[in-house]
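K.L.:
my_file.cif is reproduced below (mmCIF, C-alpha atoms).
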```
data_data
#
loop_
_atom_site.label_atom_id
_atom_site.label_comp_id
_atom_site.auth_asym_id
_atom_site.auth_seq_id
_atom_site.Cartn_x
_atom_site.Cartn_y
_atom_site.Cartn_z
CA MET A 28 7.52 62.83 159.76
CA TYR A 29 7.88 59.28 158.49
CA GLU A 30 6.28 57.28 155.74
CA VAL A 31 4.65 53.97 156.57
CA ASN A 32 2.52 51.59 154.54
CA SER A 33 -0.19 50.91 157.07
CA PRO A 34 -3.44 49.66 155.52
CA LEU A 35 -5.09 48.97 158.85
CA VAL A 36 -4.92 52.60 159.88
CA ASN A 37 -7.76 54.29 158.05
CA ALA A 38 -6.06 57.67 157.76
CA PHE A 39 -4.00 59.62 155.27
CA ALA A 40 -1.61 60.62 158.04
CA TRP A 41 -1.69 60.74 161.80
CA GLY A 42 0.20 61.76 164.87
CA GLN A 43 1.16 59.47 167.66
CA CYS A 44 3.18 59.72 170.82
CA VAL A 45 6.63 58.22 170.28
CA PRO A 46 6.16 54.49 171.03
CA GLU A 47 9.01 54.15 173.47
CA GLY A 48 8.59 57.59 174.96
CA PRO A 49 7.00 58.51 178.28
CA TYR A 50 3.47 58.15 176.94
CA GLY A 51 3.93 54.67 175.57
CA GLY A 52 2.89 55.22 171.97
CA GLN A 53 -0.64 56.37 172.55
CA PHE A 54 -2.49 56.08 169.29
CA GLY A 55 -4.31 59.10 167.98
CA SER A 56 -7.61 57.34 167.53
CA SER A 57 -8.39 57.56 171.20
CA ASP A 58 -9.58 61.10 170.77
CA ALA A 59 -10.90 62.45 167.52
CA ALA A 60 -10.94 66.02 168.76
CA HIS A 61 -7.27 65.86 169.66
CA THR A 62 -7.91 67.21 173.10
CA ARG A 63 -4.82 65.34 174.19
CA TRP A 64 -1.30 66.34 173.27
CA CYS A 65 2.04 64.76 173.95
CA SER A 66 5.68 65.43 173.38
CA PRO A 67 7.68 63.90 171.84
CA SER A 68 5.34 62.86 169.09
CA ILE A 69 5.76 61.50 165.62
CA ILE A 70 3.84 62.00 162.39
CA TYR A 71 3.21 59.08 160.07
CA TRP A 72 2.30 59.57 156.45
CA ASN A 73 0.34 56.59 155.16
CA THR A 74 1.72 55.26 151.85
CA TRP A 75 -0.96 52.57 151.51
CA SER A 76 -2.18 52.94 147.93
CA ALA A 77 -5.77 53.64 149.00
CA ALA A 78 -4.45 56.68 150.87
CA ALA A 79 -1.53 57.80 148.75
CA ASN A 80 -3.46 57.72 145.47
CA LYS A 81 -5.91 60.26 146.84
CA VAL A 82 -3.21 62.72 147.88
CA SER A 83 -2.73 63.57 144.25
CA THR A 84 -1.76 67.22 144.12
CA VAL A 85 0.75 69.55 145.76
CA GLN A 86 -2.16 71.30 147.44
CA LYS A 87 -3.38 68.06 149.01
CA ARG A 88 0.11 67.17 150.18
CA ASN A 89 0.47 70.62 151.71
CA TYR A 90 -2.89 70.13 153.42
CA ILE A 91 -1.65 66.91 155.04
CA GLY A 92 1.61 68.52 156.15
CA CYS A 93 -0.15 71.60 157.49
CA HIS A 94 -2.82 69.56 159.30
CA GLU A 95 -0.46 67.22 161.09
CA SER A 96 2.03 69.97 161.90
CA GLY A 97 -0.87 71.88 163.40
CA HIS A 98 -1.54 69.04 165.81
CA THR A 99 2.08 69.06 166.96
CA VAL A 100 1.66 72.64 168.15
CA GLY A 101 -1.63 71.88 169.83
CA LEU A 102 -4.30 72.72 167.26
CA ARG A 103 -7.45 70.62 167.29
CA HIS A 104 -9.74 69.77 164.43
CA ARG A 105 -11.96 72.49 163.09
CA THR A 106 -15.33 72.10 161.45
CA VAL A 107 -14.98 75.30 159.41
CA ALA A 108 -14.43 73.80 155.99
CA HIS A 109 -12.44 75.50 153.25
CA THR A 110 -10.76 78.03 155.51
CA THR A 111 -8.27 76.05 157.54
CA CYS A 112 -6.11 73.00 157.05
CA MET A 113 -7.34 71.79 160.44
CA THR A 114 -10.56 70.63 158.83
CA THR A 115 -10.78 66.87 158.21
CA PRO A 116 -11.70 64.74 155.22
CA ALA A 117 -15.27 63.49 155.48
CA SER A 118 -14.07 59.91 155.36
CA GLY A 119 -10.88 57.91 155.56
CA PRO A 120 -8.90 56.49 152.66
CA SER A 121 -10.71 53.15 152.73
CA ASP A 122 -13.74 54.96 151.31
CA PRO A 123 -13.23 55.02 147.54
CA ASN A 124 -15.07 58.33 147.41
CA SER A 125 -13.08 60.09 150.11
CA VAL A 126 -11.64 63.44 149.14
CA VAL A 127 -8.57 65.03 150.68
CA PRO A 128 -9.03 68.78 151.22
CA SER A 129 -6.75 71.22 149.43
CA VAL A 130 -6.58 73.93 152.09
CA GLU A 131 -2.87 74.54 152.46
CA ASN A 132 -2.73 76.90 155.43
CA PRO A 133 -4.11 77.45 158.90
CA SER A 134 -6.64 80.24 159.37
CA SER A 135 -5.89 83.50 161.12
CA ASP A 136 -7.92 82.11 163.99
CA ASP A 137 -5.55 79.15 164.21
CA TYR A 138 -2.59 81.52 164.48
CA THR A 139 -4.42 83.39 167.21
CA ARG A 140 -4.92 80.15 169.13
CA ILE A 141 -1.25 79.31 168.86
CA ASN A 142 -0.18 82.76 169.96
CA LEU A 143 -2.51 82.63 172.97
CA HIS A 144 0.14 80.45 174.58
CA ASP A 145 2.83 83.14 174.52
CA MET B 17 7.21 71.29 152.41
CA ALA B 18 6.67 74.97 153.09
CA ASN B 19 6.22 75.97 156.69
CA PRO B 20 2.47 76.49 156.87
CA PHE B 21 2.74 78.64 159.97
CA GLY B 22 5.20 81.05 158.33
CA SER B 23 5.63 84.55 159.53
CA LEU B 24 2.36 84.97 161.37
CA LEU B 25 3.70 83.21 164.42
CA SER B 26 5.10 85.27 167.22
CA PRO B 27 8.84 84.95 167.92
CA ALA B 28 8.09 83.08 171.14
CA SER B 29 5.90 80.58 169.33
CA ILE B 30 8.49 80.08 166.63
CA ALA B 31 11.15 79.46 169.24
CA ARG B 32 8.91 77.01 171.07
CA ALA B 33 8.02 75.22 167.86
CA ARG B 34 11.69 74.92 166.96
CA ILE B 35 12.46 73.46 170.37
CA LEU B 36 9.54 71.05 169.97
CA PHE B 37 10.69 69.82 166.59
CA VAL B 38 14.27 69.41 167.85
CA VAL B 39 12.97 67.41 170.81
CA VAL B 40 10.83 65.27 168.52
CA SER B 41 13.71 64.67 166.13
CA VAL B 42 16.15 63.76 168.89
CA ALA B 43 13.67 61.49 170.59
CA VAL B 44 12.71 59.76 167.37
CA SER B 45 16.34 59.28 166.41
CA ALA B 46 17.07 57.85 169.83
CA CYS B 47 14.22 55.40 169.51
CA TYR B 48 14.67 54.31 165.92
CA GLY B 49 18.09 55.32 164.71
CA PRO B 50 18.15 56.16 161.03
CA ALA B 51 14.74 55.67 159.43
CA ALA B 52 16.23 53.30 156.87
CA VAL B 53 17.22 50.77 159.52
CA ALA B 54 14.34 48.32 159.85
CA PRO B 55 13.48 46.74 163.16
CA ASN B 56 12.36 43.76 161.05
CA SER B 57 9.76 42.63 163.50
CA SER B 58 7.17 41.52 160.98
CA ASP B 59 8.18 37.87 161.19
CA GLN B 60 8.56 37.88 164.92
CA PRO B 61 5.16 37.80 166.55
CA PRO B 62 5.19 38.72 170.21
CA GLU B 63 5.30 35.90 172.69
CA ALA B 64 1.88 34.75 173.68
CA SER B 65 0.91 35.43 177.24
CA ASP B 66 -2.19 34.54 179.17
CA GLN B 67 -1.67 37.39 181.56
CA PRO B 68 -1.26 40.97 180.41
CA PRO B 69 1.61 42.81 182.09
CA GLU B 70 0.58 44.84 185.09
CA ALA B 71 -0.01 48.49 184.47
CA SER B 72 2.35 50.85 186.23
CA ASP B 73 1.39 53.40 188.87
CA GLN B 74 1.21 55.94 186.06
CA ALA B 75 -1.09 53.69 184.05
CA ILE B 76 -3.62 55.38 181.83
CA ARG B 77 -7.23 54.38 182.34
CA TYR B 78 -9.26 55.07 179.24
CA PRO B 79 -12.95 55.94 179.51
CA ALA B 80 -15.40 53.55 177.89
CA ASP B 81 -16.04 55.74 174.82
CA LYS B 82 -12.37 55.83 173.98
CA MET B 83 -11.92 52.10 174.48
CA TRP B 84 -14.65 51.44 171.96
CA ALA B 85 -13.17 54.13 169.69
CA PHE B 86 -9.84 52.33 169.53
CA LEU B 87 -11.47 49.52 167.59
CA ALA B 88 -11.91 51.68 164.50
CA SER B 89 -8.15 52.18 163.91
CA THR B 90 -9.21 55.52 162.45
CA PRO B 91 -7.32 58.36 164.14
CA ASP B 92 -9.77 61.07 163.12
CA LEU B 93 -12.76 58.81 163.80
CA GLN B 94 -14.67 59.81 160.71
CA ARG B 95 -18.00 58.15 160.31
CA GLY B 96 -18.14 55.14 158.02
CA PHE B 97 -21.64 56.02 156.85
CA ASP B 98 -23.84 59.08 156.77
CA SER B 99 -27.08 57.50 157.98
CA LEU B 100 -28.29 54.64 160.17
CA ASP B 101 -29.84 52.92 157.17
CA LYS B 102 -26.57 53.01 155.24
CA ALA B 103 -24.64 51.80 158.27
CA VAL B 104 -26.99 48.84 158.64
CA ILE B 105 -26.83 47.98 154.94
CA GLY B 106 -23.07 48.49 154.73
CA SER B 107 -22.16 46.46 157.80
CA ASP B 108 -21.47 42.75 157.62
CA ALA B 109 -22.81 42.39 161.15
CA VAL B 110 -24.77 44.63 163.50
CA VAL B 111 -24.35 43.35 167.02
CA VAL B 112 -25.06 44.24 170.60
CA GLY B 113 -21.95 43.04 172.35
CA ARG B 114 -19.68 43.36 175.35
CA PHE B 115 -15.93 43.89 175.47
CA VAL B 116 -14.78 40.90 177.51
CA GLY B 117 -11.06 40.71 176.88
CA LEU B 118 -8.02 41.79 174.99
CA GLU B 119 -5.46 39.61 173.27
CA ARG B 120 -2.11 40.44 171.85
CA GLY B 121 -2.08 40.59 168.10
CA GLN B 122 0.85 40.20 165.81
CA SER B 123 2.93 42.86 164.16
CA TYR B 124 2.61 43.56 160.47
CA SER B 125 4.77 45.46 158.04
CA VAL B 126 5.82 45.37 154.44
CA PRO B 127 9.23 43.74 153.92
CA GLY B 128 12.06 46.10 154.71
CA ALA B 129 9.82 48.68 156.32
CA ALA B 130 11.20 50.75 159.16
CA PHE B 131 7.96 50.61 161.12
CA SER B 132 5.59 47.85 162.07
CA SER B 133 1.96 47.96 163.06
CA TRP B 134 1.54 46.31 166.47
CA ASN B 135 -1.98 45.03 166.84
CA ALA B 136 -4.32 43.91 169.57
CA ILE B 137 -7.53 41.92 169.36
CA ALA B 138 -10.65 42.89 171.24
CA LEU B 139 -12.77 39.91 172.26
CA ILE B 140 -16.45 40.72 172.07
CA GLN B 141 -19.21 38.62 173.56
CA PRO B 142 -22.28 39.10 171.38
CA ASP B 143 -25.51 39.49 173.32
CA GLU B 144 -27.50 39.63 170.12
CA VAL B 145 -26.84 39.69 166.40
CA ILE B 146 -29.41 42.15 165.06
CA GLY B 147 -28.38 42.20 161.44
CA GLY B 148 -26.12 40.25 159.12
CA LYS B 149 -23.99 37.32 160.14
CA ALA B 150 -21.35 37.24 162.84
CA ASN B 151 -18.53 34.73 162.44
CA LEU B 152 -17.54 33.72 165.96
CA ASP B 153 -14.44 31.90 167.17
CA ALA B 154 -14.50 28.57 169.00
CA ARG B 155 -15.32 30.34 172.26
CA GLY B 156 -18.31 32.08 170.73
CA LEU B 157 -16.55 35.45 170.63
CA LEU B 158 -16.17 38.08 167.95
CA ARG B 159 -12.59 39.11 167.20
CA ILE B 160 -11.98 42.75 166.36
CA GLU B 161 -8.40 43.48 165.43
CA PHE B 162 -7.10 47.01 165.78
CA VAL B 163 -3.85 48.92 165.68
CA LEU B 164 -2.36 49.48 169.08
CA VAL B 165 0.79 51.32 168.07
CA VAL B 166 2.74 51.93 164.88
CA GLY B 167 6.51 51.90 165.33
CA GLY B 168 8.73 50.74 168.13
CA LYS B 169 10.94 47.70 168.24
CA GLU B 170 8.99 45.51 170.65
CA TYR B 171 5.39 44.78 171.48
CA PRO B 172 3.92 47.83 173.28
CA ASP B 173 3.44 46.13 176.65
CA VAL B 174 2.67 49.32 178.52
CA GLU B 175 -0.05 50.37 176.15
CA PHE B 176 -1.48 46.85 176.10
CA ALA B 177 -1.56 46.81 179.90
CA ASN B 178 -3.26 50.21 179.98
CA LEU B 179 -5.97 49.03 177.63
CA SER B 180 -6.35 45.71 179.44
CA ALA B 181 -7.01 47.63 182.62
CA SER B 182 -9.60 49.84 180.91
CA ILE B 183 -11.97 47.30 179.40
CA PRO B 184 -15.48 48.75 179.65
CA GLY B 185 -18.16 46.68 181.29
CA GLY B 186 -21.32 47.73 179.52
CA PRO B 187 -22.65 46.71 176.12
CA ALA B 188 -22.48 48.64 172.88
CA LEU B 189 -24.25 48.62 169.55
CA LEU B 190 -21.59 47.65 167.02
CA PHE B 191 -21.49 48.12 163.26
CA LEU B 192 -18.84 45.74 161.94
CA VAL B 193 -17.21 44.80 158.68
CA THR B 194 -14.83 41.94 158.14
CA MET B 195 -11.27 42.72 157.18
CA ALA B 196 -12.01 41.15 153.81
CA THR B 197 -14.82 43.63 153.21
CA TYR B 198 -12.63 46.49 154.40
CA PHE B 199 -9.87 45.68 151.92
CA ASP B 200 -12.29 44.97 149.08
CA ARG B 201 -14.06 48.30 149.50
CA ALA B 202 -10.76 50.13 149.67
CA GLY B 203 -9.83 48.87 146.25
CA GLY B 204 -8.34 45.51 147.02
CA ASP B 205 -4.71 46.47 147.59
CA ILE B 206 -3.36 44.32 150.40
CA PRO B 207 0.32 45.13 150.86
CA GLU B 208 2.79 42.28 151.14
CA GLY B 209 3.08 41.31 154.77
CA PHE B 210 -0.58 42.02 155.54
CA GLU B 211 -2.17 39.16 153.59
CA ALA B 212 -3.08 37.21 156.73
CA LEU B 213 -5.48 39.95 157.71
CA TYR B 214 -7.66 39.41 154.66
CA SER B 215 -10.20 37.35 156.55
CA THR B 216 -13.93 36.99 157.02
CA ASP B 217 -13.38 36.01 160.64
CA ILE B 218 -11.61 39.16 161.76
CA TYR B 219 -13.63 42.32 162.16
CA ARG B 220 -13.21 46.05 162.57
CA THR B 221 -15.73 48.72 163.43
CA VAL B 222 -16.85 50.83 160.48
CA GLY B 223 -15.46 54.08 161.87
CA GLY B 224 -16.29 56.63 164.52
CA ASP B 225 -19.91 55.54 164.16
CA GLY B 226 -19.04 51.87 164.66
CA ALA B 227 -19.66 51.62 168.40
CA ILE B 228 -22.40 53.30 170.42
CA ARG B 229 -22.57 52.49 174.12
CA ILE B 230 -25.78 51.32 175.75
CA GLU B 231 -26.42 52.63 179.22
CA ASN B 232 -29.45 51.37 181.12
CA GLY B 233 -31.04 50.16 177.94
CA VAL B 234 -30.69 53.40 176.00
CA LEU B 235 -28.09 54.47 173.47
CA GLU B 236 -25.44 56.98 174.44
CA PRO B 237 -23.47 58.19 171.41
CA PRO B 238 -19.85 59.10 172.07
CA SER B 239 -18.93 62.70 172.68
CA TYR B 240 -16.56 62.83 169.72
CA ILE B 241 -19.04 61.93 167.02
CA ASP B 242 -21.40 63.98 164.90
CA GLY B 243 -24.08 63.10 162.39
CA TRP B 244 -26.61 60.30 162.52
CA PRO B 245 -25.52 58.64 165.80
CA LEU B 246 -26.58 61.77 167.69
CA ALA B 247 -30.19 61.15 166.66
CA LEU B 248 -30.07 57.91 168.65
CA ASP B 249 -29.16 59.62 171.89
CA GLY B 250 -31.50 58.41 174.63
CA ILE B 251 -33.38 56.02 172.35
CA ALA B 252 -34.08 52.56 173.78
CA ILE B 253 -31.99 49.84 172.18
CA SER B 254 -35.17 47.81 171.75
CA ASP B 255 -36.59 50.51 169.49
CA VAL B 256 -33.38 50.85 167.50
CA GLU B 257 -33.29 47.09 167.05
CA LYS B 258 -36.73 47.24 165.43
CA THR B 259 -35.53 49.91 163.03
CA ILE B 260 -32.40 47.93 162.16
CA ARG B 261 -34.39 44.76 161.53
CA ALA B 262 -36.83 46.68 159.34
CA VAL B 263 -33.97 48.10 157.27
CA LYS B 264 -32.54 44.63 156.85
CA ARG B 265 -35.92 43.23 155.82
CA ASN B 266 -36.36 45.96 153.22
CA VAL B 267 -33.05 45.22 151.53
CA ALA B 268 -33.35 41.46 151.71
CA PRO B 269 -33.34 39.88 148.23
#
```
The structure in this file should be written as C-alpha cells.
P.N.:
Amino acid sequence: MYEVNSPLVNAFAWGQCVPEGPYGGQFGSSDAAHTRWCSPSIIYWNTWSAAANKVSTVQKRNYIGCHESGHTVGLRHRTVAHTTCMTTPASGPSDPNSVVPSVENPSSDDYTRINLHD
Amino acid sequence: MANPFGSLLSPASIARARILFVVVSVAVSACYGPAAVAPNSSDQPPEASDQPPEASDQAIRYPADKMWAFLASTPDLQRGFDSLDKAVIGSDAVVVGRFVGLERGQSYSVPGAAFSSWNAIALIQPDEVIGGKANLDARGLLRIEFVLVVGGKEYPDVEFANLSASIPGGPALLFLVTMATYFDRAGGDIPEGFEALYSTDIYRTVGGDGAIRIENGVLEPPSYIDGWPLALDGIAISDVEKTIRAVKRNVAP
C-alpha cells in the first residue's frame, strides 16, 4: 500500500494492477463492480487534501484499509450498507459532502465468500 | 493497521493471502525499488507520437461501456449527481459526442513524489451540445483528460495501445465538467505539479453517470451504474434532449 497525492483520481484509495506487471497497469475504474482481479496488484492511498481530510478518524482509516485489502483477495463491492467494509462511499472525495464509511470489518458473508475458494 | 480478516479466515485462505501479499511486495519492490526513490518523471513528458504503439497478441480489448467509464478517473464509478436534473444543472456541458481518438497526455506528480499519474486524452467529436457551453480545440474536438495509470517509470505504452484499439464507435450522452470546475468544487486545492490541469478547456466526465451510450437512437445505461441513469434505459435520445433543454431553460437566469 502506497501513498500518492493524485487529485485527478476521484477516490480515497484504489487498487491497480502493478504498472509494469503482466497486466500493464490496468486502472481500477474500468470496472466498478471489481469483477476483474489481477496479481500482482498495488493499493494507492490518495493523500490529496480533498480525500485525506475526509478520512478523519481511525474507524474511517480502518474502513479504507479493510475495503482495499478485501479487493486484493477477490471481494467485490457490496450494497449492504453499515454491515461490511466492502460498501462504498456514495460519492468521491471531490464532492465536498462525501462521507467515508466507518465500517471497519468485512461481514461474515464476506468471510464465507473468501473461504469458498478453499 | 489491524488485519481486518483476522481469525475468521481458514488456514488455507490465510496461507494464500500471505503468498499473495509476498508476491505483491516482491513485484512492487522489483518495479519501484524503495518507495522513497522517485522516478522523477513529472518534468519529462512522454515523447509525442502520431501513431500509438501496436497492441500485442495478448492485447486487451475493452467493451464500449468500459471505454467510456475510463473517462471518469473514478475507480468506484460513483455517480456525480443523484438525478438527471442535478446532472444537467451541475454539468458545464451536456453533449452527444463520439470518441474519435486518443492522445498521450503528460505525467503529473508533486515534486519528489514516488509515483506519477500518467494521463491520456480522449478526443470527442460533439454531434450536438444540448446544454451549457463546450470549449472545443482548433480541430473542433472536446478534450477529456483521464488517468491511464498511476505509477511506473515510463509512459504506459501497452495500456495506451490497448485503449487505442478499443475506441468505441457509437455516440454517448456526456455530462462534463471542466477541470477548473472539478478543482473548485473539491475545495480548490491544486497540488504543486498539477497546476496546468486547472483549465476550462480540459474536461472530465462527472462520474459513473457521466457517459451513457446511445444505441440505435435510444439510451443504454452502463451495466455498472445504479440510480437515475437506469430510468433512461430505452428512452429515445430525442426525448431526453427535450427534457435536458427544459431543465436548462428553467434554471436560466
K.L.:
Could you tell me, as a list in words, exactly which residues end up selected when the PyMOL selection byres ((chain B) within 6 of (chain A)) is applied to this structure?
P.N.:
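With the PyMOL selection byres ((chain B) within 6 of (chain A)) on this model, the match is Pro20, Val40, Lys82, Phe86, Ser89, Thr90, Pro91, Asp92, Leu93, Gln94, Val165, Gly168, Glu175 and Ala202 of chain B.
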K.L.:
Given the file shown, determine the residues that the PyMOL selection byres ((chain B and resi 116) around 7) selects; report them as an MDAnalysis selection string.
P.N.:
chainID B and resid 114:115 117 139:141
K.L.:
How would the residues just chosen look if you wrote them out with C-alpha atoms as a short mmCIF file (atom, residue, chain, number, x, y, z; two decimals), in the frame of the given file?
P.N.:
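Wrote it out as out-v6.cif, contents follow:
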```
data_model
loop_
_atom_site.label_atom_id
_atom_site.label_comp_id
_atom_site.auth_asym_id
_atom_site.auth_seq_id
_atom_site.Cartn_x
_atom_site.Cartn_y
_atom_site.Cartn_z
CA ARG B 114 -19.68 43.36 175.35
CA PHE B 115 -15.93 43.89 175.47
CA GLY B 117 -11.06 40.71 176.88
CA LEU B 139 -12.77 39.91 172.26
CA ILE B 140 -16.45 40.72 172.07
CA GLN B 141 -19.21 38.62 173.56
#
```
K.L.:
Between CA of Lys149 in chain B and CA of Arg229 in chain B, measure the distance and give it in Å to one decimal.
P.N.:
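For CA of Lys149 in chain B relative to CA of Arg229 in chain B, the distance reads 20.7 Å.
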K.L.:
Taking only C-alpha atoms into account, name the residue in A:Ile91, A:Leu102, A:Cys65, A:Val82 that is nearest to Val130 in chain A.
P.N.:
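Checking each of A:Ile91, A:Leu102, A:Cys65, A:Val82 against Val130 in chain A, counting only C-alpha atoms, the winner is A:Ile91.
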K.L.:
What gap, in Å, lies between CA of Gly156 in chain B and CA of Glu144 in chain B?
P.N.:
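Result for CA of Gly156 in chain B versus CA of Glu144 in chain B: 11.9 Å, one decimal.
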K.L.:
What does the structure give for the distance between CA of Pro142 in chain B and CA of Ala109 in chain B, in Å to one decimal?
P.N.:
10.8 Å
K.L.:
Run through the PyMOL selection byres ((chain B and resi 125) around 6) on the given coordinates and return the selected residues as an mmCIF file with C-alpha atoms, in the coordinates of the input.
P.N.:
```cif
data_model
loop_
_atom_site.group_PDB
_atom_site.id
_atom_site.type_symbol
_atom_site.label_atom_id
_atom_site.label_comp_id
_atom_site.auth_asym_id
_atom_site.auth_seq_id
_atom_site.Cartn_x
_atom_site.Cartn_y
_atom_site.Cartn_z
ATOM 1 C CA SER B 58 7.170 41.520 160.980
ATOM 2 C CA TYR B 124 2.610 43.560 160.470
ATOM 3 C CA VAL B 126 5.820 45.370 154.440
ATOM 4 C CA SER B 132 5.590 47.850 162.070
ATOM 5 C CA GLY B 209 3.080 41.310 154.770
#
```
